[in-house]
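Structure file input-v2.cif (mmCIF, C-alpha atoms) follows.
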data_final
#
loop_
_atom_site.label_atom_id
_atom_site.label_comp_id
_atom_site.auth_asym_id
_atom_site.auth_seq_id
_atom_site.Cartn_x
_atom_site.Cartn_y
_atom_site.Cartn_z
CA MET A 1 24.80 -136.87 102.70
CA SER A 2 28.52 -136.45 103.27
CA GLN A 3 29.21 -137.75 99.74
CA GLU A 4 27.02 -135.01 98.41
CA ILE A 5 28.81 -132.31 100.40
CA ALA A 6 32.17 -133.67 99.31
CA HIS A 7 31.18 -133.45 95.69
CA TRP A 8 29.83 -129.94 96.16
CA LEU A 9 33.03 -128.85 97.94
CA ASP A 10 35.20 -130.25 95.16
CA ASN A 11 33.19 -128.23 92.65
CA LEU A 12 33.64 -125.11 94.75
CA LEU A 13 37.40 -125.52 95.04
CA GLU A 14 37.76 -125.91 91.31
CA GLU A 15 36.86 -122.24 91.01
CA ILE A 16 40.42 -121.35 92.07
CA GLU A 17 43.22 -121.87 89.61
CA GLY A 18 46.47 -123.66 90.30
CA ILE A 19 45.06 -125.70 93.13
CA GLU A 20 45.64 -129.34 93.91
CA ILE A 21 43.01 -131.22 95.87
CA ARG A 22 43.60 -134.54 97.56
CA ARG A 23 40.67 -136.05 99.38
CA LYS A 24 41.97 -137.98 102.38
CA SER A 25 38.59 -139.20 103.55
CA SER A 26 34.97 -138.11 103.37
CA ARG A 27 35.62 -135.50 106.06
CA ARG A 28 39.18 -134.46 105.29
CA VAL A 29 40.57 -132.61 102.31
CA ARG A 30 44.13 -131.60 101.66
CA VAL A 31 44.51 -128.60 99.39
CA ASP A 32 47.82 -127.38 98.00
CA VAL A 33 47.67 -123.78 96.84
CA PRO A 34 50.15 -121.16 95.69
CA ALA A 35 50.93 -118.77 98.52
CA ASP A 36 49.26 -115.74 96.91
CA ALA A 37 45.97 -117.63 96.38
CA LEU A 38 45.50 -118.64 100.01
CA PRO A 39 43.58 -115.54 101.26
CA ALA A 40 41.13 -115.94 98.35
CA LEU A 41 40.68 -119.62 99.15
CA LEU A 42 40.07 -118.99 102.84
CA GLU A 43 37.64 -116.20 102.04
CA LEU A 44 35.74 -118.53 99.73
CA LEU A 45 35.70 -121.34 102.27
CA GLN A 46 34.58 -119.06 105.06
CA GLY A 47 32.02 -117.07 103.12
CA ARG A 48 30.43 -119.66 100.88
CA ALA A 49 31.09 -123.04 102.46
CA GLY A 50 30.70 -122.40 106.19
CA TYR A 51 34.30 -123.11 107.23
CA ILE A 52 34.14 -120.57 110.00
CA HIS A 53 36.53 -122.18 112.52
CA LEU A 54 40.29 -121.88 112.09
CA SER A 55 41.52 -124.81 114.22
CA ALA A 56 45.22 -124.23 113.85
CA ILE A 57 48.03 -122.93 111.72
CA SER A 58 50.96 -125.30 111.68
CA CYS A 59 54.41 -124.75 110.29
CA VAL A 60 57.08 -127.06 108.92
CA ASP A 61 60.66 -126.05 108.27
CA TRP A 62 61.92 -127.68 105.05
CA ILE A 63 65.51 -126.56 105.38
CA ASP A 64 66.78 -128.48 102.33
CA ASP A 65 64.17 -126.91 100.06
CA GLU A 66 64.77 -123.52 101.73
CA GLU A 67 61.05 -123.21 102.30
CA PHE A 68 58.54 -123.01 105.13
CA GLU A 69 55.31 -124.91 104.81
CA LEU A 70 52.27 -123.32 106.45
CA VAL A 71 49.14 -125.39 106.95
CA TYR A 72 45.82 -123.70 107.66
CA HIS A 73 43.25 -126.07 109.13
CA VAL A 74 39.68 -124.83 108.80
CA TRP A 75 36.67 -126.69 110.14
CA SER A 76 33.03 -126.50 109.20
CA TYR A 77 30.40 -127.14 111.86
CA GLU A 78 27.76 -127.71 109.19
CA ASN A 79 29.60 -130.19 107.00
CA HIS A 80 31.65 -131.68 109.84
CA SER A 81 34.71 -131.65 107.68
CA LEU A 82 38.23 -130.25 107.81
CA VAL A 83 40.11 -128.58 105.01
CA SER A 84 43.89 -128.32 105.35
CA ALA A 85 45.32 -125.70 103.04
CA HIS A 86 49.06 -126.13 102.46
CA ILE A 87 51.25 -123.35 101.16
CA ARG A 88 54.99 -123.01 100.75
CA ILE A 89 56.81 -119.72 101.30
CA ALA A 90 60.48 -118.90 100.85
CA ARG A 91 62.61 -119.39 103.94
CA GLU A 92 64.32 -116.07 103.27
CA PRO A 93 63.03 -113.51 104.16
CA GLY A 94 60.23 -115.55 105.72
CA VAL A 95 57.40 -113.05 105.38
CA TYR A 96 53.76 -113.82 104.77
CA LEU A 97 50.35 -112.15 105.00
CA SER A 98 48.26 -112.36 108.09
CA VAL A 99 44.77 -113.84 107.87
CA TYR A 100 43.70 -111.98 110.99
CA ASP A 101 41.06 -110.02 109.09
CA LEU A 102 39.39 -113.32 108.09
CA TYR A 103 39.90 -115.35 111.23
CA GLN A 104 40.64 -113.48 114.46
CA PRO A 105 42.13 -116.52 116.31
CA ALA A 106 44.92 -116.40 113.72
CA ALA A 107 46.55 -113.69 115.83
CA PHE A 108 47.61 -116.25 118.44
CA PHE A 109 48.77 -118.85 115.95
CA GLU A 110 50.75 -116.31 113.97
CA ARG A 111 52.34 -114.92 117.08
CA ASP A 112 53.33 -118.42 118.14
CA ILE A 113 54.80 -119.27 114.73
CA HIS A 114 56.65 -115.96 114.70
CA GLU A 115 58.22 -116.86 118.02
CA MET A 116 59.10 -120.44 117.16
CA TYR A 117 60.12 -120.04 113.50
CA GLY A 118 60.75 -116.34 113.05
CA ILE A 119 58.22 -115.90 110.24
CA HIS A 120 56.85 -112.37 110.13
CA PHE A 121 53.14 -112.00 109.36
CA GLU A 122 52.27 -108.69 107.80
CA GLY A 123 49.12 -107.21 109.28
CA SER A 124 49.05 -109.38 112.35
CA PRO A 125 48.06 -107.27 115.36
CA ASN A 126 50.84 -108.40 117.70
CA MET A 127 54.20 -109.96 116.92
CA ASP A 128 55.59 -109.79 120.47
CA LYS A 129 56.93 -112.70 122.49
CA PHE A 130 54.22 -115.12 123.42
CA ILE A 131 55.41 -118.03 125.57
CA LEU A 132 59.19 -117.70 125.47
CA THR A 133 59.10 -114.28 127.11
CA GLU A 134 62.50 -114.75 128.70
CA TRP A 135 64.23 -116.25 125.71
CA ASP A 136 66.67 -114.20 123.66
CA GLY A 137 68.19 -116.91 121.48
CA PRO A 138 67.25 -117.78 117.90
CA PRO A 139 63.77 -119.16 117.11
CA PRO A 140 64.11 -122.61 118.67
CA MET A 141 62.00 -124.67 116.28
CA LEU A 142 64.17 -123.88 113.28
CA LYS A 143 66.03 -126.91 111.98
CA GLU A 144 69.31 -125.02 112.13
CA PHE A 145 68.96 -124.44 115.89
CA ASP A 146 71.05 -127.14 117.54
CA SER A 147 69.26 -127.80 120.80
CA GLU A 148 71.86 -130.26 122.00
CA ALA A 149 74.76 -127.87 121.43
CA TYR A 150 72.77 -125.22 123.30
CA ILE A 151 72.23 -127.39 126.36
CA ASN A 152 75.84 -128.56 126.32
CA GLU A 153 76.86 -124.94 126.47
CA HIS A 154 74.37 -123.64 129.04
CA LEU A 155 73.37 -126.55 131.23
CA SER A 156 75.28 -129.32 132.93
CA TRP A 157 74.39 -132.93 132.93
CA GLN A 158 74.53 -135.67 135.52
CA GLU A 159 74.39 -139.40 135.01
CA TYR A 160 71.79 -141.41 136.85
CA ASN A 161 73.13 -144.92 137.13
CA PRO A 162 72.20 -146.35 140.53
CA PRO A 163 73.30 -149.84 141.69
CA TRP A 164 69.88 -151.37 141.17
CA LEU A 165 69.94 -150.31 137.52
CA GLN A 166 73.44 -151.70 137.05
CA ALA A 167 72.23 -155.01 138.49
CA LEU A 168 69.31 -155.02 136.05
CA ILE A 169 71.60 -154.31 133.11
CA ALA A 170 73.96 -157.09 134.22
CA GLU A 171 71.03 -159.48 134.03
CA GLY A 172 70.30 -158.34 130.47
CA GLY A 173 67.42 -155.95 131.18
CA GLY A 174 67.16 -152.28 131.97
CA VAL A 175 68.02 -149.55 129.47
CA VAL A 176 66.92 -150.46 125.96
CA ILE A 177 68.90 -147.83 124.06
CA PRO A 178 72.13 -146.76 125.79
CA PRO A 179 72.94 -143.04 125.77
CA GLU A 180 75.87 -143.58 123.40
CA GLU A 181 73.46 -144.63 120.69
CA GLN A 182 70.67 -142.26 121.61
CA ARG A 183 72.56 -139.00 121.92
CA PHE A 184 73.85 -137.51 118.69
CA SER A 185 76.74 -135.68 120.24
CA ARG A 186 77.99 -138.82 121.98
CA LYS A 187 77.60 -141.19 119.06
CA LYS A 188 80.71 -143.19 118.42
CA SER A 189 80.99 -142.98 114.66
CA MET B 1 99.79 -109.84 187.76
CA SER B 2 98.16 -112.56 185.78
CA SER B 3 97.09 -111.97 182.25
CA ILE B 4 93.48 -112.23 181.35
CA ASN B 5 94.32 -115.14 179.10
CA GLN B 6 95.48 -117.22 182.03
CA ILE B 7 92.17 -117.21 183.73
CA PRO B 8 90.65 -120.59 182.97
CA VAL B 9 87.35 -120.34 181.14
CA ILE B 10 85.17 -123.35 180.87
CA ASN B 11 83.58 -122.96 177.48
CA THR B 12 80.28 -124.74 177.61
CA LYS B 13 78.02 -124.03 174.74
CA ARG B 14 74.87 -125.26 176.40
CA GLY B 15 74.67 -124.98 180.14
CA ASN B 16 71.36 -126.71 180.52
CA PRO B 17 71.68 -130.48 180.90
CA LEU B 18 68.19 -130.83 179.48
CA SER B 19 69.12 -129.07 176.24
CA LYS B 20 69.83 -132.28 174.35
CA VAL B 21 66.54 -133.71 175.46
CA PHE B 22 64.87 -130.52 174.37
CA ASP B 23 66.57 -130.56 170.95
CA GLU B 24 65.50 -134.15 170.49
CA LEU B 25 61.95 -133.18 171.32
CA VAL B 26 62.05 -130.27 168.88
CA ARG B 27 63.33 -132.46 166.09
CA PHE B 28 60.73 -135.10 166.83
CA CYS B 29 57.93 -132.55 166.70
CA ARG B 30 59.35 -130.94 163.59
CA SER B 31 59.46 -134.24 161.72
CA ARG B 32 55.86 -135.01 162.68
CA SER B 33 54.36 -131.80 161.40
CA LEU B 34 55.31 -131.15 157.81
CA PHE B 35 53.52 -128.87 155.42
CA ILE B 36 54.04 -129.35 151.71
CA LEU B 37 53.89 -126.35 149.45
CA HIS B 38 51.45 -126.66 146.57
CA TYR B 39 53.78 -125.69 143.79
CA CYS B 40 53.30 -128.24 141.08
CA THR B 41 55.74 -127.75 138.25
CA GLY B 42 55.31 -130.78 136.03
CA CYS B 43 53.37 -133.95 135.42
CA GLY B 44 54.46 -135.64 138.68
CA ALA B 45 51.96 -133.44 140.51
CA ILE B 46 49.20 -135.78 139.40
CA GLU B 47 50.49 -138.40 141.86
CA LEU B 48 50.07 -136.05 144.80
CA PRO B 49 46.26 -135.88 145.07
CA PRO B 50 46.01 -139.67 145.60
CA ALA B 51 48.92 -139.49 148.04
CA MET B 52 47.16 -136.76 150.01
CA THR B 53 43.63 -138.05 149.95
CA SER B 54 41.90 -141.03 151.49
CA ARG B 55 43.59 -143.90 149.69
CA PHE B 56 47.23 -143.36 150.61
CA ASP B 57 46.54 -140.63 153.16
CA MET B 58 49.68 -138.67 153.94
CA GLU B 59 47.90 -136.97 156.78
CA ARG B 60 48.28 -140.04 158.99
CA LEU B 61 52.02 -139.25 158.91
CA GLY B 62 51.41 -135.60 159.76
CA ILE B 63 52.03 -134.28 156.25
CA GLN B 64 49.60 -131.78 154.84
CA PRO B 65 49.39 -129.53 151.82
CA MET B 66 49.84 -125.82 152.42
CA VAL B 67 49.09 -122.99 150.06
CA SER B 68 51.64 -120.31 150.87
CA PRO B 69 55.43 -120.54 150.88
CA ARG B 70 55.77 -118.60 154.11
CA GLN B 71 53.95 -121.31 156.04
CA ALA B 72 55.36 -124.37 154.30
CA ASP B 73 58.23 -126.66 155.27
CA ILE B 74 58.70 -128.77 152.18
CA LEU B 75 59.02 -127.62 148.59
CA LEU B 76 58.12 -130.52 146.34
CA ILE B 77 59.44 -130.11 142.81
CA THR B 78 57.17 -132.48 140.95
CA GLY B 79 58.62 -132.90 137.52
CA TYR B 80 60.43 -130.93 134.88
CA VAL B 81 61.49 -127.40 135.72
CA SER B 82 61.54 -125.14 132.72
CA ILE B 83 63.90 -122.21 132.94
CA LYS B 84 61.01 -119.80 133.28
CA THR B 85 59.58 -121.90 136.11
CA LEU B 86 62.97 -122.22 137.77
CA LYS B 87 63.07 -118.49 138.40
CA ARG B 88 59.74 -118.70 140.21
CA VAL B 89 60.84 -121.81 142.09
CA ILE B 90 63.92 -120.00 143.37
CA LEU B 91 61.84 -116.99 144.45
CA THR B 92 59.46 -119.34 146.23
CA TYR B 93 62.24 -121.27 147.90
CA GLU B 94 63.88 -118.13 149.20
CA GLN B 95 60.62 -116.92 150.71
CA MET B 96 60.07 -120.08 152.72
CA GLY B 97 60.93 -119.91 156.39
CA SER B 98 63.82 -122.02 157.65
CA PRO B 99 64.14 -124.90 158.28
CA LYS B 100 62.98 -125.83 154.80
CA TYR B 101 63.41 -128.96 152.76
CA VAL B 102 63.38 -129.60 149.02
CA ILE B 103 62.35 -132.89 147.47
CA GLY B 104 62.87 -133.50 143.77
CA ILE B 105 60.31 -135.91 142.39
CA CYS B 106 60.55 -137.58 138.96
CA SER B 107 63.52 -138.21 136.71
CA CYS B 108 63.36 -134.72 135.26
CA THR B 109 64.65 -133.08 138.42
CA VAL B 110 67.62 -135.47 138.47
CA ASN B 111 68.92 -134.91 134.94
CA GLY B 112 66.13 -133.62 132.73
CA GLY B 113 64.57 -137.05 132.19
CA MET B 114 62.92 -137.29 128.82
CA TYR B 115 63.55 -133.57 128.30
CA TRP B 116 67.33 -134.10 128.29
CA GLN B 117 67.55 -132.44 124.87
CA SER B 118 65.21 -129.53 125.56
CA TYR B 119 66.57 -126.00 125.46
CA ALA B 120 63.91 -124.86 127.92
CA THR B 121 64.34 -127.36 130.76
CA ALA B 122 66.84 -127.09 133.60
CA LYS B 123 68.73 -130.34 134.02
CA LYS B 124 70.18 -130.49 137.53
CA LEU B 125 67.96 -129.05 140.22
CA ASP B 126 70.64 -129.24 142.92
CA GLU B 127 72.75 -126.69 141.06
CA TYR B 128 70.24 -123.98 141.83
CA MET B 129 69.03 -124.91 145.31
CA PRO B 130 70.03 -127.57 147.83
CA VAL B 131 67.94 -130.72 147.42
CA ASP B 132 67.41 -133.00 150.40
CA LEU B 133 66.03 -135.98 148.60
CA TYR B 134 65.34 -137.21 145.10
CA ILE B 135 62.55 -139.62 144.31
CA ALA B 136 63.32 -140.96 140.84
CA GLY B 137 60.73 -142.44 138.56
CA CYS B 138 58.57 -141.32 135.69
CA MET B 139 56.38 -140.77 137.63
CA PRO B 140 56.92 -142.30 141.10
CA ARG B 141 53.80 -143.88 142.54
CA PRO B 142 52.21 -142.47 145.72
CA GLU B 143 53.83 -145.30 147.69
CA ALA B 144 57.23 -144.11 146.52
CA VAL B 145 56.39 -140.49 147.36
CA ILE B 146 55.31 -141.50 150.85
CA ALA B 147 58.38 -143.72 151.31
CA GLY B 148 60.54 -140.75 150.34
CA LEU B 149 58.72 -138.47 152.75
CA GLN B 150 59.20 -141.02 155.52
CA GLN B 151 62.90 -141.08 154.77
CA LEU B 152 62.94 -137.29 155.04
CA MET B 153 61.12 -137.53 158.38
CA ASP B 154 63.76 -139.91 159.67
CA ARG B 155 66.50 -137.59 158.51
CA ILE B 156 64.86 -134.57 160.16
CA HIS B 157 64.49 -136.58 163.37
CA SER B 158 68.14 -137.58 163.36
CA GLY B 159 69.22 -134.03 162.50
CA GLU B 160 70.80 -134.85 159.12
CA ALA B 161 68.39 -132.87 156.98
CA ASN B 162 70.01 -129.46 157.19
CA SER B 163 70.74 -128.77 153.56
CA TRP B 164 68.84 -125.46 153.84
CA GLU B 165 71.86 -124.14 155.76
CA ASP B 166 73.93 -125.03 152.74
CA TYR B 167 72.10 -122.43 150.67
CA PHE B 168 73.39 -119.72 153.02
CA ARG B 169 76.84 -121.21 153.49
CA ASN B 170 77.47 -121.83 149.78
CA TYR B 171 75.34 -119.05 148.32
CA ASP B 172 78.07 -118.04 145.90
CA TYR B 173 77.91 -121.44 144.16
CA TYR B 174 74.13 -121.41 143.79
CA LEU B 175 74.07 -117.77 142.72
CA GLY B 176 76.77 -118.44 140.15
CA ASN B 177 74.70 -121.18 138.52
CA GLN B 178 71.63 -118.97 138.58
CA GLN B 179 73.53 -116.10 136.97
CA LYS B 180 74.87 -118.43 134.29
CA LEU B 181 71.32 -119.29 133.30
CA PHE B 182 69.45 -116.03 133.91
CA GLY B 183 72.13 -113.48 133.10
CA ASP B 184 74.31 -111.26 135.25
CA ASN B 185 71.46 -108.94 136.23
CA TRP B 186 69.69 -111.66 138.18
CA GLN B 187 68.43 -110.48 141.55
CA THR B 188 65.76 -112.02 143.74
CA PRO B 189 63.55 -110.00 146.06
CA THR B 190 65.03 -111.84 149.04
CA ASP B 191 68.38 -110.61 150.29
CA ILE B 192 70.13 -113.88 151.10
CA LEU B 193 73.44 -112.25 152.04
CA THR B 194 71.85 -110.09 154.73
CA GLU B 195 69.87 -113.06 155.97
CA ALA B 196 73.00 -115.15 156.20
CA LYS B 197 74.64 -112.43 158.29
CA HIS B 198 71.56 -112.02 160.43
CA TYR B 199 71.14 -115.70 161.22
CA ASN B 200 74.88 -116.22 161.59
CA LEU B 201 74.94 -118.79 158.81
CA MET B 202 77.99 -117.46 157.03
CA GLY B 203 80.33 -119.97 155.50
CA GLU B 204 83.41 -119.84 153.35
CA GLY B 205 81.25 -120.06 150.25
CA THR B 206 78.77 -117.34 151.18
CA PHE B 207 80.75 -114.59 149.49
CA GLY B 208 82.62 -114.90 146.24
CA GLU B 209 82.91 -113.48 142.77
CA HIS B 210 79.25 -114.04 141.96
CA THR B 211 77.98 -112.29 145.08
CA ARG B 212 80.33 -109.39 144.30
CA LEU B 213 78.70 -109.19 140.88
CA LEU B 214 75.30 -109.17 142.58
CA GLU B 215 76.32 -106.42 144.99
CA GLN B 216 77.43 -104.23 142.09
CA HIS B 217 73.97 -103.93 140.64
CA GLN B 218 71.82 -104.92 143.60
CA LYS B 219 68.93 -102.58 144.15
CA PRO B 220 67.97 -102.09 147.78
CA LEU B 221 64.69 -103.71 148.67
CA GLU B 222 61.84 -101.36 149.38
CA ALA B 223 58.60 -101.84 151.19
CA LEU B 224 55.60 -102.28 148.92
CA ASP B 225 53.43 -99.27 148.38
CA MET B 226 50.20 -100.42 150.00
CA ARG B 227 48.00 -97.43 149.28
CA LEU B 228 44.57 -98.28 148.03
CA GLY B 229 43.81 -97.35 144.47
CA ASN B 230 47.44 -97.13 143.46
CA ASN B 231 46.93 -99.75 140.79
CA LEU B 232 43.92 -98.03 139.38
CA LYS B 233 45.92 -95.22 137.86
CA GLU B 234 46.01 -94.99 134.12
CA PRO B 235 49.30 -96.25 132.69
CA THR B 236 51.30 -93.32 131.37
CA GLU B 237 53.03 -93.87 128.10
#
In structure tokens, what does this structure look like?
Amino acid sequence: MSQEIAHWLDNLLEEIEGIEIRRKSSRRVRVDVPADALPALLELLQGRAGYIHLSAISCVDWIDDEEFELVYHVWSYENHSLVSAHIRIAREPGVYLSVYDLYQPAAFFERDIHEMYGIHFEGSPNMDKFILTEWDGPPPMLKEFDSEAYINEHLSWQEYNPPWLQALIAEGGGVVIPPEEQRFSRKKS
Amino acid sequence: MSSINQIPVINTKRGNPLSKVFDELVRFCRSRSLFILHYCTGCGAIELPPAMTSRFDMERLGIQPMVSPRQADILLITGYVSIKTLKRVILTYEQMGSPKYVIGICSCTVNGGMYWQSYATAKKLDEYMPVDLYIAGCMPRPEAVIAGLQQLMDRIHSGEANSWEDYFRNYDYYLGNQQKLFGDNWQTPTDILTEAKHYNLMGEGTFGEHTRLLEQHQKPLEALDMRLGNNLKEPTE
């Protein structure tokens, strides 16, 4: 049964040009599409293949390629399968279309990504702060945001090295990775 | 004619010989009736239900959960405190009636724990409010929580656990750290300076540059408008 659906889905996806399909398993497909073809793909999946549930939109910051990767995960309750549509958009200016008119839950995901990565979604109903309502720094999930420098500037640190831990370390146990090796800013290079 | 200064005055603070006995009794009773505020910030809160309920049973020691800050004695900070949460924790702490005690549970309250690199987590809890006791661990088991609470009971009984006075006596220090994190416009709905004056808990550190900054922009506290139907009005744009 699932083999049949997989074959049928592959035929369906071939209707869109410039698309790369990688079948991960019988229930999971990875699709790489050009950014401008994504709304058409989602419309096709939703309207003709029963992928009515948008599980999540995830974002990856590829700072060296100067691109953001957006991944739209859509789930079908009939086929019991997940399609992950990957697109790449330019990091500057970081603008993309909203899919709110296709999937209403996209409003939350897009608002979240806007807050964490600074991507603006055109047509999304609300681009206000979502969770970080009291945060006025840069979008914190960007690769260029140095979290450690931020905490060194704003927060102070205290060591926790009680006698019982020192005794454990003296016996050869205790901390596996010492802070000097774990913490980038304290690495002795 | 003798000056008024020459008249010998025997300065006895407490005239009643039973006062020490009475203080001892008060401290004993206080340490045997502790109410923990239900304000669970992080993952360590999951160890509290077993500590409260039948298996480890804190109630045999006279410790009970309490739902409102005004009626609670202990503020348990169970786990990481994000900066958004920290504001609420400070508001809650200031509303609690004295004497009040703060216990930091889990590694995160000591130095951020596994969130040491997070931009959103406060690292040292005792910069923002006086902490009586830390129970380290990730997470500490109910036995450890109860052992810590017993230690606090002993310290209340012996009269050592008075760090809540430190918040009034060194308010400038705590307020300075809060302003550093929340911005210069930070003001809580509790007027600590007036309370410190009222309860005669002024110290050298009560006033300072940070409290002067607070007094510059401090809005006077007003009574809440309690009229019925006030919230039903349409919001005007």
- request: Could you give me, as a ChimeraX atom specification, the residues that have an atom at most 7 Å away from the point (58.3, -138.0, 140.0) in the coordinates of the file, using all atoms listed in the file?
  value: /B:44,78-79,105-107,135-140
With 9 Å as the cut-off and all atoms listed in the file counted, what is the closest atom pair between each nearby residue of chain A and chain B? Distances in Å to one decimal, ordered by chain and number, as a Markdown table.
| residue | atom | partner | partner_atom | distance |
| --- | --- | --- | --- | --- |
| A:Leu132 | CA | B:Lys84 | CA | 8.3 |
| A:Thr133 | CA | B:Lys84 | CA | 8.5 |
| A:Glu134 | CA | B:Lys84 | CA | 7.0 |
| A:Trp135 | CA | B:Ala120 | CA | 8.9 |
| A:Pro140 | CA | B:Tyr119 | CA | 8.0 |
| A:Ser147 | CA | B:Tyr119 | CA | 5.7 |
| A:Glu148 | CA | B:Gln117 | CA | 5.6 |
| A:Tyr150 | CA | B:Tyr119 | CA | 6.6 |
| A:Ile151 | CA | B:Tyr119 | CA | 5.9 |
| A:His154 | CA | B:Leu181 | CA | 6.8 |
| A:Leu155 | CA | B:Lys123 | CA | 6.6 |
| A:Ser156 | CA | B:Lys123 | CA | 6.7 |
| A:Trp157 | CA | B:Asn111 | CA | 6.2 |
| A:Gln158 | CA | B:Asn111 | CA | 5.7 |
| A:Glu159 | CA | B:Asn111 | CA | 7.1 |
| A:Tyr160 | CA | B:Asn111 | CA | 7.4 |
| A:Arg183 | CA | B:Gln117 | CA | 8.8 |
- request: Specify as a list of chain:residue names each residue included when the PyMOL selection byres ((chain B and resi 73) around 10) is applied to this file.
  value: B:Arg30, B:Ser33, B:Leu34, B:Phe35, B:Ile36, B:Leu37, B:Ile63, B:Pro65, B:Met66, B:Pro69, B:Arg70, B:Gln71, B:Ala72, B:Ile74, B:Leu75, B:Leu76, B:Tyr93, B:Met96, B:Gly97, B:Ser98, B:Pro99, B:Lys100, B:Tyr101, B:Val102
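Here CA of Glu78 (chain A) and CA of Ser58 (chain A) stand 23.5 Å from one another.
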query: What separation in Å, quoted to one decimal, exists between CA of Lys24 (chain A) and CA of Ser55 (chain A)?
result: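 About the pair CA of Lys24 (chain A) and CA of Ser55 (chain A): they are 17.7 Å apart.
From CA of Val131 (chain B) back to CA of Gly148 (chain B), the distance works out to 12.8 Å.
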field: For region 117-130 of chain A: contacts at 10 Å, all atoms listed in the file, fewer than 6 positions along chain excluded, given as a PyMOL selection string
entry: chain A and resi 59-61+68+89+91-101+104+106-111+136+138-143
- request: Translate the PyMOL selection byres ((chain B and resi 210) around 8), as applied to the file shown, into an explicit residue set as a ChimeraX atom specification.
  value: /B:172-173,175-176,179,207-209,211-214
- request: List the neighbours of His73 (chain A) out to 8 Å using only C-alpha atoms; skip same-chain residues closer than 2 positions along the sequence, and give me the result as number ranges by chain.
  value: A: 54-57, 71, 75, 82-85
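Close contacts of region 38-48 of chain A, defined as residues with an atom at most 9 Å away when counting all atoms listed in the file, with chain neighbours fewer than 2 positions off set aside, comprise Leu12, Leu13, Ile16, Val33, Pro34, Ala35, Asp36, Gly50, Tyr51, Ile52, His53, Tyr72, Val74, Ser76, Val83, Ala85, His86, Ile87, Leu97, Ser98, Val99, Leu102 and Tyr103 of chain A.
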Target residues per the PyMOL selection byres ((chain B and resi 202-205) around 9), formatted as JSON, numbers by chain: {"B": [166, 168, 169, 170, 171, 172, 173, 193, 196, 197, 199, 200, 201, 206, 207, 208]}
